[in-house]
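Q: I'd like to ask you about the structure that follows.
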Amino acid sequence: MDIANYIYLSVLLFTIGAIGVVIRRNAIVVFMCIELMLNAANLAFVTFSRVHGNLSGQVASFFTMVVAACEVVVGLAIIVTIYRSRRSASVDDASLLKR
Amino acid sequence: MLTAPKLDYALLAPILIILGTALLGVIVEAFVKQALRARLQLVIALAGISIALGQLYLVRNQGSSIAAVTSVSIDGSGIFIQGAILIFAFLGILIIADQDHFAPQASTLPGSIEEASALESGKQQTEVFPLTLFAVSGAMLFPIATDFITLFVALEVLSLPLYLMVGLSRRRRLLSQEAALKYFLLGAYSSAFFLFGAALLYGYSGSLSLNGLTDAIRGSGGNDVFLLLGAAFLSVGLLFKIGAVPFHSWTPDVYQGAPTPITGFMAAATKAAAFGATLRIFYIGLDAAQVSWKPAIAGIAVITMIFGSIAAISQRDIKRMLALSSIAHTGFVLIAVVSLNKSALSATLFYLVAYGLATIGAFGIVTLVRDSAGEVTDINRWVGLGKKSPLVAAVFSLFLLSFAGIPLTSGFVGKFAIFSAAYESGNIYLVVAGVLSSAIAVFFYLRLILMLFFAGETNGSVSVVIPSVLTRIAISISAIATVVLGLAPSLLLDVAQNFAYFLR
């Protein structure tokens with residue numbers, strides 16, 4: 001199979017994630033979309049690693065996974081706190097800062 | 001056969017010391033008695049920062065681009081920015097030490113019985129100190145990182161603690177939590193763009209390092225689509241962190257919602273770190289492709305300056321106003337990024353220090369103006385403050401004058417240095433746009449000063465609390481530095497010129 005297809009897939013996943021962040025309203029779903037974008041980047045890293053024949057890209061994808069895990073910890077902590085205070089995880093409800 | 005990487009510990013020590021201190025802070029938080037904890041945390045944090053500063057001073061002249069194989073490059077600009085961040089952290093911690101601003105237990109529900117009892121019993125968690133230090137370690141790594149993995153990790157180590165710190169405010173907690181949510185979601189969104197940009201640039205050059213990227217651009221080997229898209233996505237992540245238009249929308253909300261001492265610290269330290277990384281990426285990694293990105297960044301610089309200056313006029317909240325003024329300042333520094341010469345680099349270094357010190361001082365003053373419900377941030381209620389407490393109002397005016405770039409303050413020297421560097425590099429239109437938007441900005445800074453001193457009577461319920469010794473020290477240092485750097489700029493300008501270089 002043509003290796004370019006993996007790049008197309010990665011760009012597609014990234015786009016789905018990027019659009020999802022903008023149109024979805026639930027903070028958890030928004031966060032999942034961001035994770036999808038990170039995974040798209042990982043797929044691109046691994047594919048390019050194959051194209052160039054060196055391992056740097058694969059190493060980068062491992063670092064991304066670790067960082068994404070840390071991000072989940074912090075992100076869920078913040079989202080859960082908001083949910084407990086408001087009984088809602090909708091990003092539209094969080095609008096006190098709009099004058 | 002793999003060989004173990006050789007690390008130059010002396011050069012990496014400042015970062016490692018800060019990380020070690022942060023870990024120590026976590027242990028103290030877990031095991032030390034409640035009564036001792038706050039004081040111990042403060043002493044440990046200040047000691048760690050001082051030792052790191054001392055070590056940084058010792059190694060200041062030893063540049064090395066192979067301190068950690070090729071992941072970091074410790075050079076003049078890197079060391080200068082690290083030093084600036086450590087000084088910001090020191091002053092920031094002095095103001096953060098006033099624990100009155102932070103929720104006693106961030107996990108309790110706003111308005112719940114647990115929150116009230118935690119408040120009453122005086123059981124104050126002090127996790128903000130280690131969190132600050134973790135953020136500082138990321139901020140110190142970000143401007144010296146030279147490969148995309150290290151850049152991404154540093155960006156996250158810098159950002160993740162800040163997301164949490166934004167949500168720790170004691171009063172108006174819903175606002176604070178909302179700011180944390182916004183900052184987190186938008187920050188994670190932009191760092192995903194940063195990462196995808198890095199992946200595309202890796203696809204272009206086949207190397208994760210900035211040097212490899214330059215070589216690939218010079219040799220024009222790869223697919224230019226990857227280069228252009230990658231550079232654009234990478235810039236989104238960077239421009240978000242520095243708060244440039246159109247990626248600025250988080251700035252006013254987060255600055256307003258965060259506890260004020262945190263706002264001051266992050267405004268100064270994040271900006272310095274992110275600009276350090278931005279300069280390195282554009283000066284080293286993408287230098288050879290400057291025809292592609294220069295017009296875009298120049299356009300963003302102009303829009304950012306003008307937007308920040310105009311939007312600040314209509315703000316009724318002092319923290320939002322300072323946030324928008326910080327956006328305008330981002331625009332000024334972006335002029336230097338576009339100029340791409342040595343004097344622009346030294347001007348940026350000077351500007352970041354001058355702006356950071358004035359910002360920490362200004363937000364320090366905001367923490368002092370209160371009524372019974374906490375800080376008063378409504379500008380209309382600051383009217384007549386100059387009559388009630390002339391000293392505080394005078395020092396605040398000094399910071400505002402520095403932001404406005406009035407002569408005899410550090411802000412003027414910084415702006416002058418940046419504009420002359422831009423003029424030197426032939427970007428006259430940027431200088432014109434910069435001077436115009438400074439003129440707009442002067443209007444609202446001066447209006448605020450007039451309100452403080454000459455308009456009407458004081459609002460009875462608003463008072464200026466007597467600052468604690470530590471806060472007083474922090475604000476005094478900022479104020480003295482603002483004046484001294486304005487009167488004798490060569491003190492720092494010469495240093496900045498000596499340190500304004502990048503190692504490849």
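Residues are referred to by chain and number: the chain letter is A, B, ... according to the order shown in the structure tokens, the number counts from 1 in that chain, and ligands are numbered separately from 1 in the order shown.
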With only C-alpha atoms considered, list every residue of chain B at most 6 Å from chain A, as a PyMOL selection string.

A: chain B and resi 109+149+178+189+192+196+199+203+206+253

Q: Would you output that residue set with C-alpha atoms, as a tab-separated table (two decimals), in the first residue's frame?

A:
chain	number	residue	atom	x	y	z
B	109	LEU	CA	-16.82	22.56	46.19
B	149	ILE	CA	10.63	16.49	21.32
B	178	GLU	CA	-13.82	28.50	34.41
B	189	TYR	CA	-5.69	22.60	21.39
B	192	ALA	CA	-1.79	19.75	19.44
B	196	PHE	CA	1.34	18.29	14.33
B	199	ALA	CA	5.48	16.11	12.80
B	203	GLY	CA	8.41	14.80	7.49
B	206	GLY	CA	13.80	13.81	8.33
B	253	ASP	CA	-10.33	35.59	30.53

Q: Tell me, as a count of residues only, which residues lie within 8 Å of Asp100 in chain B, counting only C-alpha atoms; anything in the same chain fewer than 2 positions away does not count.

A: 3

Q: If we count only C-alpha atoms and set the cut-off at 6 Å, which residues sit around range 121-133 of chain B, ignoring sequence neighbours fewer than 4 positions away in its own chain? Please answer as a list in words.

A: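 Result of the neighbour search: Ala22, Gly25, Pro104, Gln105, Ser117 and Pro161 of chain B.
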
Q: When you draw a straight line from CA of Leu12 in chain B to CA of Lys241 in chain B, how long is it in Å?

A: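 For CA of Leu12 in chain B relative to CA of Lys241 in chain B, the distance reads 24.1 Å.
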
Q: How would you write, as number ranges by chain, the set of residues in chain A that DSSP gives as alpha helix (DSSP H)?

A: A: 4-23, 27-52, 56-86

Q: Find the residues near Ala404 in chain B: any atom within 7 Å, counting only C-alpha atoms, skip ones fewer than 6 places away on the same chain, and give them as a list in words.

A: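 Result of the neighbour search: Gly411, Ser438, Ala441, Val442 and Tyr445 of chain B.
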
Q: Extract, using only C-alpha atoms, all DNA, RNA and protein residues at most 12 Å from Phe396 in chain B, discarding same-chain residues fewer than 2 positions from it, and format them as a short mmCIF file (atom, residue, chain, number, x, y, z; two decimals) with N, CA and C atoms, in the first residue's frame.

A:
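Done, and the output landed in around_11.cif:
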data_model
loop_
_atom_site.label_atom_id
_atom_site.label_comp_id
_atom_site.auth_asym_id
_atom_site.auth_seq_id
_atom_site.Cartn_x
_atom_site.Cartn_y
_atom_site.Cartn_z
N ILE B 318 -9.67 46.00 35.66
CA ILE B 318 -8.26 46.36 35.60
C ILE B 318 -7.40 45.18 35.12
N LEU B 322 -5.04 45.10 31.80
CA LEU B 322 -3.62 44.74 31.78
C LEU B 322 -3.38 43.57 30.83
N ALA B 358 7.81 45.06 35.37
CA ALA B 358 6.71 46.00 35.56
C ALA B 358 5.39 45.25 35.72
N THR B 359 5.23 44.13 35.01
CA THR B 359 3.98 43.37 35.10
C THR B 359 3.80 42.76 36.48
N ILE B 360 4.89 42.14 36.99
CA ILE B 360 4.78 41.54 38.32
C ILE B 360 4.44 42.61 39.34
N GLY B 361 5.08 43.78 39.21
CA GLY B 361 4.80 44.87 40.13
C GLY B 361 3.36 45.33 40.02
N ALA B 362 2.89 45.51 38.78
CA ALA B 362 1.54 46.04 38.59
C ALA B 362 0.49 45.08 39.15
N PHE B 363 0.64 43.78 38.86
CA PHE B 363 -0.34 42.83 39.41
C PHE B 363 -0.18 42.72 40.92
N GLY B 364 1.04 42.94 41.42
CA GLY B 364 1.24 42.97 42.88
C GLY B 364 0.40 44.07 43.50
N ILE B 365 0.36 45.23 42.84
CA ILE B 365 -0.46 46.34 43.36
C ILE B 365 -1.94 45.97 43.29
N VAL B 366 -2.35 45.29 42.21
CA VAL B 366 -3.77 44.93 42.08
C VAL B 366 -4.19 44.06 43.26
N THR B 367 -3.27 43.23 43.79
CA THR B 367 -3.65 42.37 44.92
C THR B 367 -3.96 43.20 46.16
N LEU B 368 -3.51 44.46 46.21
CA LEU B 368 -3.63 45.23 47.45
C LEU B 368 -4.94 45.99 47.55
N VAL B 369 -5.56 46.28 46.40
CA VAL B 369 -6.76 47.12 46.42
C VAL B 369 -7.97 46.23 46.63
N TRP B 382 -11.60 52.32 41.28
CA TRP B 382 -10.23 52.76 41.60
C TRP B 382 -10.13 54.28 41.60
N LEU B 385 -8.10 56.83 44.11
CA LEU B 385 -7.23 56.03 44.98
C LEU B 385 -5.97 56.82 45.35
N GLY B 386 -5.58 57.72 44.44
CA GLY B 386 -4.37 58.52 44.67
C GLY B 386 -4.48 59.40 45.89
N SER B 389 -4.34 56.60 49.09
CA SER B 389 -3.00 56.08 49.36
C SER B 389 -2.07 56.49 48.23
N PRO B 390 -1.50 57.67 48.36
CA PRO B 390 -0.71 58.26 47.28
C PRO B 390 0.45 57.37 46.85
N LEU B 391 1.09 56.69 47.81
CA LEU B 391 2.28 55.92 47.46
C LEU B 391 1.93 54.78 46.51
N VAL B 392 0.89 54.00 46.91
CA VAL B 392 0.50 52.86 46.08
C VAL B 392 0.08 53.33 44.69
N ALA B 393 -0.71 54.40 44.66
CA ALA B 393 -1.17 54.90 43.36
C ALA B 393 0.00 55.41 42.54
N ALA B 394 0.99 56.03 43.20
CA ALA B 394 2.14 56.56 42.48
C ALA B 394 2.95 55.42 41.87
N LEU B 398 3.65 54.52 37.99
CA LEU B 398 4.99 54.32 37.43
C LEU B 398 5.00 53.12 36.48
N PHE B 399 4.36 52.00 36.93
CA PHE B 399 4.32 50.82 36.07
C PHE B 399 3.53 51.11 34.80
N LEU B 400 2.43 51.85 34.95
CA LEU B 400 1.63 52.18 33.76
C LEU B 400 2.44 53.04 32.80
N LEU B 401 3.21 53.99 33.34
CA LEU B 401 4.04 54.83 32.47
C LEU B 401 5.07 53.98 31.74
N SER B 402 5.58 52.97 32.45
CA SER B 402 6.55 52.10 31.80
C SER B 402 5.88 51.30 30.68
N PHE B 403 4.66 50.78 30.93
CA PHE B 403 3.93 50.07 29.87
C PHE B 403 3.70 51.00 28.69
N TYR B 445 -3.55 54.44 29.26
CA TYR B 445 -2.74 54.42 30.48
C TYR B 445 -2.87 55.76 31.21
N LEU B 446 -2.77 56.85 30.44
CA LEU B 446 -2.84 58.17 31.07
C LEU B 446 -4.22 58.42 31.65
N LEU B 448 -6.16 56.26 32.94
CA LEU B 448 -6.24 55.55 34.22
C LEU B 448 -5.50 56.32 35.30
N ILE B 449 -4.33 56.88 34.95
CA ILE B 449 -3.57 57.63 35.95
C ILE B 449 -4.36 58.87 36.38
N LEU B 452 -6.93 57.87 38.80
CA LEU B 452 -6.41 57.58 40.12
C LEU B 452 -6.23 58.86 40.93
N PHE B 453 -5.75 59.92 40.28
CA PHE B 453 -5.33 61.09 41.05
C PHE B 453 -6.31 62.25 41.01
N ILE B 475 7.26 44.33 45.15
CA ILE B 475 6.82 45.51 44.41
C ILE B 475 7.94 46.55 44.39
N SER B 476 8.67 46.70 45.52
CA SER B 476 9.75 47.69 45.54
C SER B 476 10.82 47.35 44.52
N SER B 478 10.54 45.64 41.78
CA SER B 478 10.03 45.91 40.43
C SER B 478 10.07 47.40 40.14
N ALA B 479 9.62 48.20 41.12
CA ALA B 479 9.54 49.65 40.89
C ALA B 479 10.93 50.23 40.72
N THR B 482 12.34 49.32 37.42
CA THR B 482 11.71 50.08 36.33
C THR B 482 12.33 51.46 36.19
#

Q: Would you mind reading off the distance between CA of Val432 in chain B and CA of Ile327 in chain B, one decimal, in Å?

A: 18.0 Å

Q: Give me, please, the distance in Å between CA of Ile300 in chain B and CA of Asn341 in chain B, quoted to one decimal.

A: 19.0 Å

Q: Between B:Ile95, B:Leu186, B:Leu238, B:Val153, which is the closest to Trp250 in chain B once you count only C-alpha atoms?

A: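 Once distances to Trp250 in chain B are computed over only C-alpha atoms, the minimum belongs to B:Leu186.
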
Q: Please return, as an MDAnalysis selection string, all residues of range 129-292 of chain B that DSSP assigns to strand (DSSP E or B) on the basis of the backbone.

A: chainID B and resid 145 147 169 209

Q: Write out as a PDB file with N, CA and C atoms, in the first residue's frame the residues lying within 10 Å of Ala47 in chain B, counting only C-alpha atoms and excluding same-chain residues fewer than 5 positions away.

A:
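This went into result06.pdb:
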ATOM      1  N   ILE B  18      15.970  23.421  40.080  1.00  0.00           N
ATOM      2  CA  ILE B  18      14.570  23.839  40.225  1.00  0.00           C
ATOM      3  C   ILE B  18      13.655  22.611  40.284  1.00  0.00           C
ATOM      4  N   THR B  21      14.020  20.998  43.654  1.00  0.00           N
ATOM      5  CA  THR B  21      13.340  21.783  44.682  1.00  0.00           C
ATOM      6  C   THR B  21      11.837  21.551  44.627  1.00  0.00           C
ATOM      7  N   GLN B  41       7.757  25.759  52.841  1.00  0.00           N
ATOM      8  CA  GLN B  41       7.639  25.772  51.377  1.00  0.00           C
ATOM      9  C   GLN B  41       8.247  27.038  50.801  1.00  0.00           C
ATOM     10  N   LEU B  42       7.938  28.168  51.451  1.00  0.00           N
ATOM     11  CA  LEU B  42       8.437  29.452  50.962  1.00  0.00           C
ATOM     12  C   LEU B  42       9.958  29.476  51.005  1.00  0.00           C
ATOM     13  N   ALA B  52      19.785  28.145  42.082  1.00  0.00           N
ATOM     14  CA  ALA B  52      19.785  27.994  40.626  1.00  0.00           C
ATOM     15  C   ALA B  52      20.332  29.252  39.967  1.00  0.00           C
ATOM     16  N   LEU B  53      19.951  30.428  40.494  1.00  0.00           N
ATOM     17  CA  LEU B  53      20.466  31.684  39.939  1.00  0.00           C
ATOM     18  C   LEU B  53      21.978  31.752  40.096  1.00  0.00           C
ATOM     19  N   PHE B  90      11.320  34.382  41.434  1.00  0.00           N
ATOM     20  CA  PHE B  90      11.638  34.821  42.793  1.00  0.00           C
ATOM     21  C   PHE B  90      10.625  35.872  43.247  1.00  0.00           C
TER      22      PHE B  90
END

Q: Nearest to Ser437 in chain B among B:Phe282, B:Phe307, B:Tyr57, B:Tyr351, with distances taken over only C-alpha atoms: which residue is it?

A: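 Nearest candidate to Ser437 in chain B out of B:Phe282, B:Phe307, B:Tyr57, B:Tyr351: B:Phe307.
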